[in-house]
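Okay, model.cif is below, mmCIF, C-alpha atoms:
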```cif
data_protein
loop_
_atom_site.label_atom_id
_atom_site.label_comp_id
_atom_site.auth_asym_id
_atom_site.auth_seq_id
_atom_site.Cartn_x
_atom_site.Cartn_y
_atom_site.Cartn_z
CA MET T 287 25.94 -12.08 -2.06
CA ALA T 288 28.49 -9.32 -2.33
CA THR T 289 31.14 -8.38 0.16
CA GLU T 290 30.60 -5.53 2.67
CA GLN T 291 27.19 -7.02 3.54
CA SER T 292 25.51 -5.34 0.55
CA LEU T 293 22.85 -7.41 -1.19
CA ARG T 294 22.89 -7.59 -4.99
CA PHE T 295 19.73 -7.65 -7.08
CA GLU T 296 19.10 -7.66 -10.83
CA GLY T 297 16.51 -5.63 -12.72
CA CYS T 298 13.88 -3.04 -11.87
CA ASN T 299 11.15 -5.28 -10.42
CA PHE T 300 10.15 -4.86 -6.76
CA PHE T 301 12.27 -1.72 -6.49
CA ARG T 302 10.25 -0.29 -3.57
CA GLN T 303 10.38 -3.53 -1.58
CA ARG T 304 14.16 -3.57 -1.77
CA VAL T 305 14.60 0.07 -0.76
CA ILE T 306 12.10 -0.21 2.16
CA LEU T 307 13.58 -3.44 3.56
CA SER T 308 17.10 -2.09 3.11
CA THR T 309 16.17 1.02 5.13
CA LEU T 310 14.59 -1.01 7.93
CA SER T 311 17.32 -3.69 8.14
CA GLY T 312 20.23 -1.26 7.66
CA LYS T 313 21.73 -3.46 4.91
CA SER T 314 22.99 -1.69 1.79
CA ILE T 315 21.84 -2.87 -1.63
CA LYS T 316 23.22 -2.84 -5.16
CA LEU T 317 20.72 -2.94 -8.01
CA GLN T 318 22.18 -3.79 -11.42
CA ASN T 319 20.89 -3.97 -15.00
CA ILE T 320 17.90 -1.71 -14.33
CA ARG T 321 16.08 -1.88 -17.71
CA ALA T 322 19.52 -2.31 -19.32
CA LYS T 323 18.08 -3.62 -22.62
CA ASP T 324 15.19 -1.17 -22.77
CA ASP T 325 14.92 1.60 -25.38
CA SER T 326 15.15 4.12 -22.55
CA PRO T 327 17.38 2.37 -19.98
CA GLY T 328 17.72 3.11 -16.29
CA LEU T 329 15.50 4.32 -13.47
CA ARG T 330 12.17 5.90 -14.37
CA ASP T 331 11.26 9.35 -13.02
CA PHE T 332 8.79 7.93 -10.48
CA GLU T 333 11.47 5.60 -9.06
CA ALA T 334 13.95 8.46 -8.75
CA SER T 335 11.22 10.47 -7.02
CA PHE T 336 10.69 7.60 -4.54
CA ILE T 337 14.43 7.53 -3.77
CA ARG T 338 14.34 11.32 -3.19
CA LEU T 339 11.43 10.88 -0.76
CA VAL T 340 13.34 8.19 1.19
CA ASP T 341 16.34 10.52 1.26
CA LYS T 342 14.16 13.26 2.78
CA ILE T 343 12.93 11.09 5.67
CA THR T 344 16.36 9.60 6.47
CA ASN T 345 19.60 11.10 7.70
CA GLY T 346 22.95 9.89 6.38
CA SER T 347 21.71 7.82 3.43
CA ARG T 348 24.19 7.34 0.60
CA ILE T 349 22.76 6.96 -2.89
CA GLU T 350 24.92 6.42 -5.98
CA ILE T 351 23.44 6.10 -9.46
CA ASN T 352 25.55 5.69 -12.59
CA GLU T 353 25.16 7.99 -15.62
CA THR T 354 22.71 5.78 -17.50
CA GLY T 355 20.70 5.01 -14.35
CA THR T 356 21.08 1.24 -14.81
CA ARG T 357 23.02 0.76 -11.55
CA LEU T 358 22.07 1.96 -8.08
CA TYR T 359 23.90 1.66 -4.77
CA TYR T 360 21.91 2.52 -1.66
CA GLN T 361 23.32 2.64 1.85
CA PRO T 362 20.51 3.46 4.31
CA GLY T 363 20.78 6.07 7.03
CA ILE T 364 18.73 6.62 10.18
CA LEU T 365 14.98 7.17 9.80
CA LEU T 366 14.48 10.75 10.91
CA GLY T 367 10.82 11.61 10.15
CA GLY T 368 9.47 15.05 11.05
CA ALA T 369 7.65 17.35 8.63
CA VAL T 370 8.15 16.41 4.97
CA GLU T 371 6.72 17.82 1.73
CA HIS T 372 7.15 15.97 -1.54
CA ASP T 373 5.93 16.48 -5.11
CA CYS T 374 5.29 12.97 -6.40
CA ASN T 375 5.82 12.13 -10.05
CA VAL T 376 2.49 11.94 -11.94
CA GLN T 377 3.49 8.69 -13.71
CA ARG T 378 2.37 6.89 -10.55
CA SER T 379 -0.23 7.64 -7.90
CA ILE T 380 0.54 9.15 -4.48
CA SER T 381 -0.25 5.68 -3.05
CA TYR T 382 2.95 4.33 -4.67
CA TYR T 383 4.88 6.61 -2.31
CA LEU T 384 2.42 6.36 0.56
CA GLU T 385 2.65 2.55 0.78
CA GLY T 386 6.39 2.95 1.36
CA LEU T 387 5.85 5.63 4.03
CA ILE T 388 3.26 3.50 5.87
CA CYS T 389 5.86 0.68 6.19
CA LEU T 390 8.59 3.04 7.48
CA ALA T 391 6.60 5.59 9.52
CA PRO T 392 6.30 3.73 12.88
CA PHE T 393 10.11 3.43 13.11
CA MET T 394 11.09 7.10 12.77
CA LYS T 395 12.96 9.25 15.28
CA HIS T 396 10.26 11.94 15.22
CA PRO T 397 6.55 11.51 14.37
CA LEU T 398 6.09 11.76 10.60
CA LYS T 399 3.95 14.52 9.13
CA ALA T 400 4.07 14.21 5.35
CA VAL T 401 2.35 16.27 2.66
CA LEU T 402 2.39 14.52 -0.74
CA ARG T 403 1.24 16.14 -3.98
CA GLY T 404 0.37 14.46 -7.27
CA VAL T 405 -2.22 11.97 -8.55
CA THR T 406 -4.53 10.60 -5.82
CA ASN T 407 -6.43 8.06 -7.97
CA ASP T 408 -5.20 6.10 -10.97
CA GLN T 409 -5.64 2.65 -12.53
CA THR T 410 -2.23 1.23 -11.58
CA ASP T 411 -1.95 1.81 -7.83
CA PRO T 412 -4.52 1.55 -5.06
CA SER T 413 -6.29 4.82 -4.34
CA VAL T 414 -5.62 6.88 -1.23
CA ASP T 415 -9.25 6.18 -0.14
CA THR T 416 -8.56 2.43 -0.08
CA LEU T 417 -5.32 2.82 1.90
CA LYS T 418 -7.17 5.01 4.40
CA ALA T 419 -9.90 2.39 4.87
CA THR T 420 -7.69 -0.76 5.00
CA SER T 421 -4.00 -0.05 5.80
CA ILE T 422 -4.57 2.39 8.69
CA PRO T 423 -6.84 -0.02 10.68
CA LEU T 424 -4.27 -2.80 10.05
CA LEU T 425 -1.49 -0.68 11.59
CA LYS T 426 -3.71 -0.09 14.63
CA LYS T 427 -4.06 -3.87 15.08
CA PHE T 428 -0.26 -4.11 15.43
CA GLY T 429 -0.28 -1.51 18.19
CA VAL T 430 0.69 1.66 16.31
CA ASP T 431 -1.01 4.24 18.51
CA GLY T 432 -4.29 5.50 17.02
CA GLU T 433 -3.85 9.08 18.16
CA GLY T 434 -1.93 11.03 15.54
CA LEU T 435 -2.31 8.24 12.96
CA GLU T 436 -4.17 10.04 10.19
CA LEU T 437 -4.54 10.04 6.42
CA LYS T 438 -6.44 12.95 4.94
CA ILE T 439 -7.24 13.82 1.32
CA ILE T 440 -7.02 17.60 1.00
CA ARG T 441 -7.34 17.77 -2.79
CA ARG T 442 -8.05 15.12 -5.38
CA GLY T 443 -5.98 14.84 -8.55
CA MET T 444 -6.66 12.56 -11.52
CA LEU T 445 -4.44 11.61 -14.46
CA PRO T 446 -2.93 13.16 -16.53
CA GLY T 447 -2.75 16.53 -14.76
CA GLY T 448 -2.61 15.51 -11.10
CA GLY T 449 -2.92 18.41 -8.68
CA GLY T 450 -4.00 16.29 -5.69
CA GLU T 451 -2.72 16.67 -2.15
CA VAL T 452 -2.65 14.21 0.77
CA PHE T 453 -1.63 14.64 4.41
CA PHE T 454 -0.29 11.62 6.33
CA SER T 455 0.78 11.65 9.96
CA CYS T 456 1.99 8.74 12.06
CA PRO T 457 3.33 8.54 15.62
CA VAL T 458 6.55 6.67 16.43
CA SER T 459 6.25 3.19 17.89
CA LYS T 460 8.76 1.52 20.20
CA GLY T 461 7.85 -1.91 18.87
CA LEU T 462 5.01 -3.81 17.21
CA LYS T 463 2.96 -6.34 19.13
CA PRO T 464 2.44 -9.91 17.86
CA ILE T 465 -1.06 -10.80 16.64
CA GLN T 466 -3.23 -13.89 16.26
CA PHE T 467 -5.49 -12.95 13.37
CA THR T 468 -6.94 -16.23 12.15
CA ASP T 469 -10.72 -15.77 12.17
CA PRO T 470 -11.97 -13.53 9.35
CA GLY T 471 -15.59 -13.53 10.57
CA LYS T 472 -18.56 -12.77 8.34
CA ILE T 473 -19.22 -9.65 6.28
CA LYS T 474 -21.40 -7.25 8.30
CA ARG T 475 -21.31 -4.03 6.30
CA ILE T 476 -20.03 -2.42 3.10
CA ARG T 477 -18.87 1.17 2.88
CA GLY T 478 -17.58 3.08 -0.10
CA VAL T 479 -16.70 6.41 -1.65
CA ALA T 480 -17.89 7.39 -5.13
CA TYR T 481 -15.71 10.36 -6.06
CA SER T 482 -15.94 12.66 -9.06
CA VAL T 483 -13.90 15.71 -10.06
CA ARG T 484 -14.49 18.19 -12.90
CA VAL T 485 -17.50 16.21 -14.17
CA SER T 486 -21.24 16.38 -13.45
CA PRO T 487 -22.06 15.84 -9.73
CA GLN T 488 -24.79 13.44 -10.84
CA ILE T 489 -22.16 10.85 -11.85
CA GLY T 490 -21.50 9.95 -8.19
CA ASN T 491 -25.18 9.05 -7.70
CA ARG T 492 -25.22 6.95 -10.88
CA ILE T 493 -22.16 4.96 -9.68
CA THR T 494 -23.74 4.46 -6.25
CA ASP T 495 -27.06 3.20 -7.62
CA SER T 496 -25.46 0.64 -9.95
CA ALA T 497 -23.10 -0.69 -7.22
CA ARG T 498 -25.99 -0.99 -4.74
CA SER T 499 -28.08 -2.89 -7.30
CA ILE T 500 -25.62 -5.80 -6.96
CA LEU T 501 -24.52 -5.51 -3.31
CA ASN T 502 -28.03 -5.14 -1.85
CA LYS T 503 -28.81 -8.68 -3.02
CA PHE T 504 -26.37 -9.93 -0.37
CA LEU T 505 -26.76 -7.60 2.61
CA PRO T 506 -28.79 -4.49 3.46
CA ASP T 507 -26.07 -2.47 5.22
CA VAL T 508 -24.47 -0.84 2.15
CA TYR T 509 -23.61 2.84 2.36
CA ILE T 510 -21.67 4.64 -0.35
CA TYR T 511 -20.71 8.28 0.14
CA THR T 512 -20.61 10.59 -2.87
CA ASP T 513 -17.61 12.89 -2.81
CA HIS T 514 -17.77 15.61 -5.45
CA MET T 515 -14.93 18.12 -5.17
CA LYS T 516 -15.09 21.53 -6.84
CA GLY T 517 -12.72 24.34 -7.72
CA VAL T 518 -9.16 24.20 -6.39
CA SER T 519 -9.68 20.92 -4.52
CA SER T 520 -10.66 19.05 -7.70
CA GLY T 521 -7.16 18.98 -9.24
CA LYS T 522 -6.34 19.57 -12.88
CA SER T 523 -8.08 16.74 -14.79
CA PRO T 524 -11.61 15.29 -14.95
CA GLY T 525 -12.41 11.79 -13.77
CA PHE T 526 -14.45 9.62 -11.41
CA GLY T 527 -14.19 6.31 -9.58
CA LEU T 528 -15.43 4.10 -6.78
CA SER T 529 -13.65 2.60 -3.75
CA LEU T 530 -15.52 -0.12 -1.81
CA VAL T 531 -14.58 -1.71 1.52
CA ALA T 532 -16.30 -4.67 3.19
CA GLU T 533 -15.93 -4.94 6.98
CA THR T 534 -16.32 -8.25 8.81
CA THR T 535 -17.54 -9.05 12.32
CA ALA T 536 -13.91 -9.74 13.34
CA GLY T 537 -12.66 -6.34 12.14
CA CYS T 538 -11.13 -7.39 8.80
CA PHE T 539 -11.31 -5.03 5.84
CA LEU T 540 -11.49 -6.24 2.23
CA SER T 541 -11.30 -3.66 -0.56
CA ALA T 542 -11.89 -3.18 -4.28
CA GLU T 543 -11.88 -0.16 -6.56
CA LEU T 544 -12.16 1.10 -10.12
CA VAL T 545 -11.26 4.39 -11.80
CA SER T 546 -12.41 5.87 -15.11
CA ASN T 547 -9.98 6.05 -18.03
CA PRO T 548 -7.75 9.18 -18.00
CA GLN T 549 -8.77 12.10 -20.20
CA GLY T 550 -7.79 11.40 -23.82
CA LYS T 551 -6.84 7.74 -23.23
CA GLY T 552 -9.08 4.80 -24.06
CA PRO T 553 -12.86 4.73 -24.53
CA ALA T 554 -15.20 6.63 -22.22
CA VAL T 555 -16.47 4.60 -19.25
CA LEU T 556 -20.13 4.65 -18.23
CA PRO T 557 -20.63 5.32 -14.50
CA GLU T 558 -23.22 2.49 -14.34
CA ASN T 559 -20.72 -0.05 -15.74
CA LEU T 560 -17.98 1.19 -13.42
CA GLY T 561 -20.19 0.80 -10.34
CA ARG T 562 -21.34 -2.67 -11.36
CA ASP T 563 -17.83 -3.91 -12.20
CA CYS T 564 -16.41 -2.54 -8.95
CA ALA T 565 -19.11 -4.35 -6.93
CA LYS T 566 -18.18 -7.60 -8.73
CA LEU T 567 -14.50 -7.01 -7.94
CA LEU T 568 -15.39 -6.62 -4.25
CA LEU T 569 -17.32 -9.90 -4.35
CA GLU T 570 -14.26 -11.58 -5.89
CA GLU T 571 -12.04 -10.17 -3.12
CA ILE T 572 -14.53 -11.53 -0.54
CA TYR T 573 -14.31 -14.92 -2.30
CA ARG T 574 -10.51 -14.82 -1.97
CA GLY T 575 -11.07 -13.90 1.67
CA GLY T 576 -8.60 -14.10 4.52
CA CYS T 577 -8.14 -11.64 7.37
CA VAL T 578 -6.23 -9.18 5.17
CA ASP T 579 -7.09 -8.25 1.58
CA SER T 580 -4.60 -8.94 -1.22
CA LEU T 581 -3.56 -5.27 -1.22
CA ASN T 582 -2.24 -5.32 2.37
CA GLN T 583 -0.77 -8.83 2.54
CA SER T 584 2.81 -7.56 2.38
CA LEU T 585 2.20 -4.88 5.06
CA ALA T 586 0.78 -7.53 7.44
CA LEU T 587 3.75 -9.87 6.83
CA LEU T 588 6.22 -7.02 7.38
CA CYS T 589 4.59 -6.06 10.70
CA MET T 590 4.66 -9.72 11.78
CA THR T 591 8.36 -9.95 10.92
CA LEU T 592 9.24 -6.76 12.80
CA GLY T 593 7.17 -7.70 15.86
CA GLN T 594 8.43 -8.89 19.25
CA GLN T 595 10.10 -12.29 19.52
CA ASP T 596 6.78 -14.04 19.80
CA VAL T 597 4.57 -16.10 17.51
CA SER T 598 2.29 -14.18 15.10
CA LYS T 599 -0.37 -15.84 12.97
CA VAL T 600 -2.47 -14.40 10.18
CA LEU T 601 -4.87 -16.05 7.75
CA LEU T 602 -4.53 -14.84 4.14
CA GLY T 603 -6.34 -15.60 0.92
CA PRO T 604 -4.37 -16.81 -2.14
CA LEU T 605 -0.98 -15.04 -2.14
CA SER T 606 -0.44 -12.41 -4.83
CA PRO T 607 2.80 -12.53 -6.91
CA TYR T 608 3.92 -9.31 -5.16
CA THR T 609 3.52 -10.99 -1.74
CA ILE T 610 5.41 -14.11 -2.85
CA GLU T 611 8.40 -12.00 -3.89
CA PHE T 612 8.10 -10.00 -0.65
CA LEU T 613 8.49 -13.24 1.35
CA ARG T 614 11.71 -13.99 -0.53
CA HIS T 615 13.00 -10.51 0.25
CA LEU T 616 12.12 -10.88 3.94
CA ARG T 617 14.28 -14.01 3.97
CA ASN T 618 17.18 -12.13 2.34
CA PHE T 619 17.05 -9.06 4.58
CA PHE T 620 15.87 -10.46 7.94
CA GLN T 621 16.65 -14.22 7.59
CA ILE T 622 13.06 -14.97 8.54
CA MET T 623 11.01 -17.85 7.18
CA PHE T 624 7.25 -18.27 7.47
CA LYS T 625 5.43 -21.50 8.16
CA MET T 626 2.70 -21.79 5.54
CA GLU T 627 -0.30 -24.10 5.91
CA THR T 628 -3.18 -24.28 3.47
CA ARG T 629 -6.63 -24.21 5.04
CA SER T 630 -9.94 -24.97 3.41
CA PHE T 631 -13.17 -24.43 5.34
CA ASP T 632 -16.19 -26.60 4.65
CA GLU T 633 -18.77 -24.20 6.05
CA GLN T 634 -17.26 -21.11 4.37
CA LYS T 635 -17.21 -21.18 0.61
CA GLY T 636 -14.38 -19.32 -1.07
CA GLY T 637 -10.78 -19.61 -2.23
CA GLU T 638 -8.19 -21.67 -0.38
CA LYS T 639 -6.68 -19.86 2.58
CA VAL T 640 -3.07 -19.82 3.76
CA LEU T 641 -2.21 -19.65 7.46
CA MET T 642 1.07 -17.73 7.84
CA THR T 643 3.02 -18.20 11.07
CA CYS T 644 6.33 -16.64 12.10
CA VAL T 645 8.34 -15.55 15.11
CA GLY T 646 9.17 -11.83 14.99
CA VAL T 647 12.78 -10.66 14.91
CA GLY T 648 12.22 -8.40 17.93
CA PHE T 649 12.84 -5.24 15.91
CA SER T 650 12.99 -2.23 18.20
CA ASN T 651 12.96 1.36 17.08
CA LEU T 652 16.55 2.45 17.66
CA SER T 653 15.92 5.90 16.16
CA LYS T 654 13.28 6.78 18.77
CA THR T 655 14.43 9.45 21.21
CA VAL T 656 14.49 8.37 24.84
CA LYS T 657 12.49 10.69 27.09
#
```
As structure tokens, how would this structure be written, given the file I've shared?
Amino acid sequence: MATEQSLRFEGCNFFRQRVILSTLSGKSIKLQNIRAKDDSPGLRDFEASFIRLVDKITNGSRIEINETGTRLYYQPGILLGGAVEHDCNVQRSISYYLEGLICLAPFMKHPLKAVLRGVTNDQTDPSVDTLKATSIPLLKKFGVDGEGLELKIIRRGMLPGGGGEVFFSCPVSKGLKPIQFTDPGKIKRIRGVAYSVRVSPQIGNRITDSARSILNKFLPDVYIYTDHMKGVSSGKSPGFGLSLVAETTAGCFLSAELVSNPQGKGPAVLPENLGRDCAKLLLEEIYRGGCVDSLNQSLALLCMTLGQQDVSKVLLGPLSPYTIEFLRHLRNFFQIMFKMETRSFDEQKGGEKVLMTCVGVGFSNLSKTVK
């Protein structure tokens, strides 16, 4: 650890985690050797764009980057919120930026109203549809007020051109409540969105039919919406994809998705294959199980950490590498350790589960204006 309470990290991995946790904890960070041995060293454009977005929603942040971009010093300011517009870099999806905003939004001074432009669906990041169906209900479980909590897709944009637009609004929260979320329940329904832009509208129906051919073997309540956008709202590039979400009797949401290859990259994907493969991915996610899908594990753990000084429990499926590193960062920034117990259920087939238990740090929103 460095002097002046700033934490030192090496390399470019988990860049967002470090910036988000630094902003919430108020501890400054120094990142060194960012792609130092790469042919094109330093921060990528999408990472610089993320830093600019964080700068827009905070007041008094200090950001220093050296000439080559291989060293970054970040001293966080106060989370301000308000109305924000940001043009996201098309190298990564809007969700790359949105995941960061979802973690920070409840702790702003003013309710956040953000308009993000760029790519809404790509193969690297989760799609905005999936975040809307899984992350937003998870925030509501932790007591972030439902009114004013909204994620809306105004325009879709696929790689490589982009041209999508998303509106996200979130009210401020005084504090998060602790949760006991240990019973995943049984799958009761599956919902999905088959979206297509600048291609034949029939493709959405072909995706839907092939996905249903697998899922209907397991339960009858499968409903997949076809979302075909035209004209201005379809962005600049053609493409299609499918986002599926399974809801359980206990109110857990498990998600899976697939997107077609970008225009001019890789072989063409058949809609039937895409629908079938996506359905199999959802079944795999259900096998992994837990009360939170692997996409939102880190968001659930963050909300547990920042909750009141009370015990929170959540049952997760096998931890993803991203989540494992996130736990290490939580220890560095908030000095919080989780109790981890493996659970295997005889009556429920599936992957081994992990019961995560912690006592929240009692994080209260200091930025919130007192009325």
Practice prompt. Quick one: everything within 9 Å of segment 359-363 of chain T, counting all atoms listed in the file, minus sequence neighbours fewer than 4 positions away in the same chain. Send it as a ChimeraX atom specification.
Written response: /T:292,305,308-318,341,344-352
Discussion item. Between T:Met444, T:Glu611, T:Ile493, T:Arg562, which residue has the minimum interatomic distance to Phe301 of chain T, considering only C-alpha atoms?
Written reply: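 Closest residue, counting only C-alpha atoms: T:Glu611.
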Discussion item. To test your reading of the syntax: which residues would the PyMOL selection byres ((chain T and resi 511) around 9) return for the file shown? Reply as a ChimeraX atom specification.
Written reply: /T:477-481,490,494,509-510,512-513
Next, the residues of the selection above should be written as a PDB file, in the coordinates of the input with C-alpha atoms.
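Written out: part-v8.pdb:
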```pdb
ATOM      1  CA  ARG T 477     -18.870   1.170   2.880  1.00  0.00           C
ATOM      2  CA  GLY T 478     -17.580   3.080  -0.100  1.00  0.00           C
ATOM      3  CA  VAL T 479     -16.700   6.410  -1.650  1.00  0.00           C
ATOM      4  CA  ALA T 480     -17.890   7.390  -5.130  1.00  0.00           C
ATOM      5  CA  TYR T 481     -15.710  10.360  -6.060  1.00  0.00           C
ATOM      6  CA  GLY T 490     -21.500   9.950  -8.190  1.00  0.00           C
ATOM      7  CA  THR T 494     -23.740   4.460  -6.250  1.00  0.00           C
ATOM      8  CA  TYR T 509     -23.610   2.840   2.360  1.00  0.00           C
ATOM      9  CA  ILE T 510     -21.670   4.640  -0.350  1.00  0.00           C
ATOM     10  CA  THR T 512     -20.610  10.590  -2.870  1.00  0.00           C
ATOM     11  CA  ASP T 513     -17.610  12.890  -2.810  1.00  0.00           C
TER      12      ASP T 513
END
```
Discussion item. Ranking T:Met642, T:Val531, T:Leu544, T:Ala322 by minimum distance to Thr410 of chain T and counting all atoms listed in the file, which one comes first?
Written reply: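 Using all atoms listed in the file, the shortest distance to Thr410 of chain T belongs to T:Leu544.
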Worksheet item: Taking the file as shown, what set of residues would the PyMOL selection byres ((chain T and resi 416) around 12) give back, as a count of residues only?
Response: 40
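The residues caught by the PyMOL selection byres ((chain T and resi 588) around 10) in this file are T:Leu307, T:Cys389, T:Asn582, T:Gln583, T:Ser584, T:Leu585, T:Ala586, T:Leu587, T:Cys589, T:Met590, T:Thr591, T:Leu592, T:Gly593, T:Phe612, T:Leu613, T:Leu616, T:Gly646.
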Fill in: Contact residues around Arg475 of chain T with only C-alpha atoms at 10 Å, ignoring same-chain residues under 6 positions, as a PyMOL selection string
chain T and resi 505-509+531-535
Item to complete: For atom CA of Lys566 of chain T and atom CA of Leu425 of chain T, determine how far apart the two atoms are, in Å to one decimal place.
Response: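 Taking atom CA of Lys566 of chain T and atom CA of Leu425 of chain T, their separation equals 27.2 Å.
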Worksheet item: Using only C-alpha atoms, which residue out of T:Phe620, T:Phe393, T:Phe332, T:Phe300 lies closest to Ser379 of chain T?
Response: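 Looking only at the distances to Ser379 of chain T, the closest residue turns out to be T:Phe332.
Here atom CA of Val340 of chain T is placed at a distance of 13.8 Å from atom CA of Lys399 of chain T.
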Practice prompt. Could you check which of T:Ser606, T:Ser455, T:Asn502, T:Ser546 is closest to His396 of chain T, using all atoms listed in the file?
Written response: T:Ser455
Discussion item. List as a count of residues only the protein and nucleic acid residues near Glu371 of chain T, meaning an atom at most 6 Å away when all atoms listed in the file are counted, but skip any in the same chain fewer than 2 places from it.
Written reply: 3
Worksheet item: Interatomic distance between atom CA of Leu365 of chain T and atom CA of Gly461 of chain T?
Response: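 Spanning atom CA of Leu365 of chain T to atom CA of Gly461 of chain T is a straight-line distance of 14.7 Å.
If only C-alpha atoms are the atoms counted, then among T:Val485, T:Ile364, T:Leu602, T:Ile380 the closest residue to Ser523 of chain T is T:Val485.
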Discussion item. Measuring between all atoms listed in the file, which one of T:Ser482, T:Thr356, T:Ser630, T:Gln303 shows the shortest distance to Gly328 of chain T?
Written reply: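 The shortest atom-to-atom distance to Gly328 of chain T comes from T:Thr356.
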Worksheet item: Could you pull the residues within 9 Å of Arg629 of chain T, counting only C-alpha atoms, minus those fewer than 5 positions along the same chain, as a PyMOL selection string?
Response: chain T and resi 601+638-641
Can those selected residues be exported to a file as a short mmCIF file (atom, residue, chain, number, x, y, z; two decimals), keeping the file's coordinate frame so that it contains C-alpha atoms?
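Once written, again28.cif looks like this:
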```
data_model
loop_
_atom_site.label_atom_id
_atom_site.label_comp_id
_atom_site.auth_asym_id
_atom_site.auth_seq_id
_atom_site.Cartn_x
_atom_site.Cartn_y
_atom_site.Cartn_z
CA LEU T 601 -4.87 -16.05 7.75
CA GLU T 638 -8.19 -21.67 -0.38
CA LYS T 639 -6.68 -19.86 2.58
CA VAL T 640 -3.07 -19.82 3.76
CA LEU T 641 -2.21 -19.65 7.46
#
```
Near-segment 550-555 of chain T list (10 Å; all atoms listed in the file; drop same-chain fewer than 4 positions) as a PDB file with C-alpha atoms, keeping the file's coordinate frame:
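Once everything was written out, this is out.pdb:
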```pdb
ATOM      1  CA  LEU T 445      -4.440  11.610 -14.460  1.00  0.00           C
ATOM      2  CA  PRO T 446      -2.930  13.160 -16.530  1.00  0.00           C
ATOM      3  CA  GLY T 525     -12.410  11.790 -13.770  1.00  0.00           C
ATOM      4  CA  PHE T 526     -14.450   9.620 -11.410  1.00  0.00           C
ATOM      5  CA  VAL T 545     -11.260   4.390 -11.800  1.00  0.00           C
ATOM      6  CA  SER T 546     -12.410   5.870 -15.110  1.00  0.00           C
ATOM      7  CA  ASN T 559     -20.720  -0.050 -15.740  1.00  0.00           C
ATOM      8  CA  LEU T 560     -17.980   1.190 -13.420  1.00  0.00           C
TER       9      LEU T 560
END
```
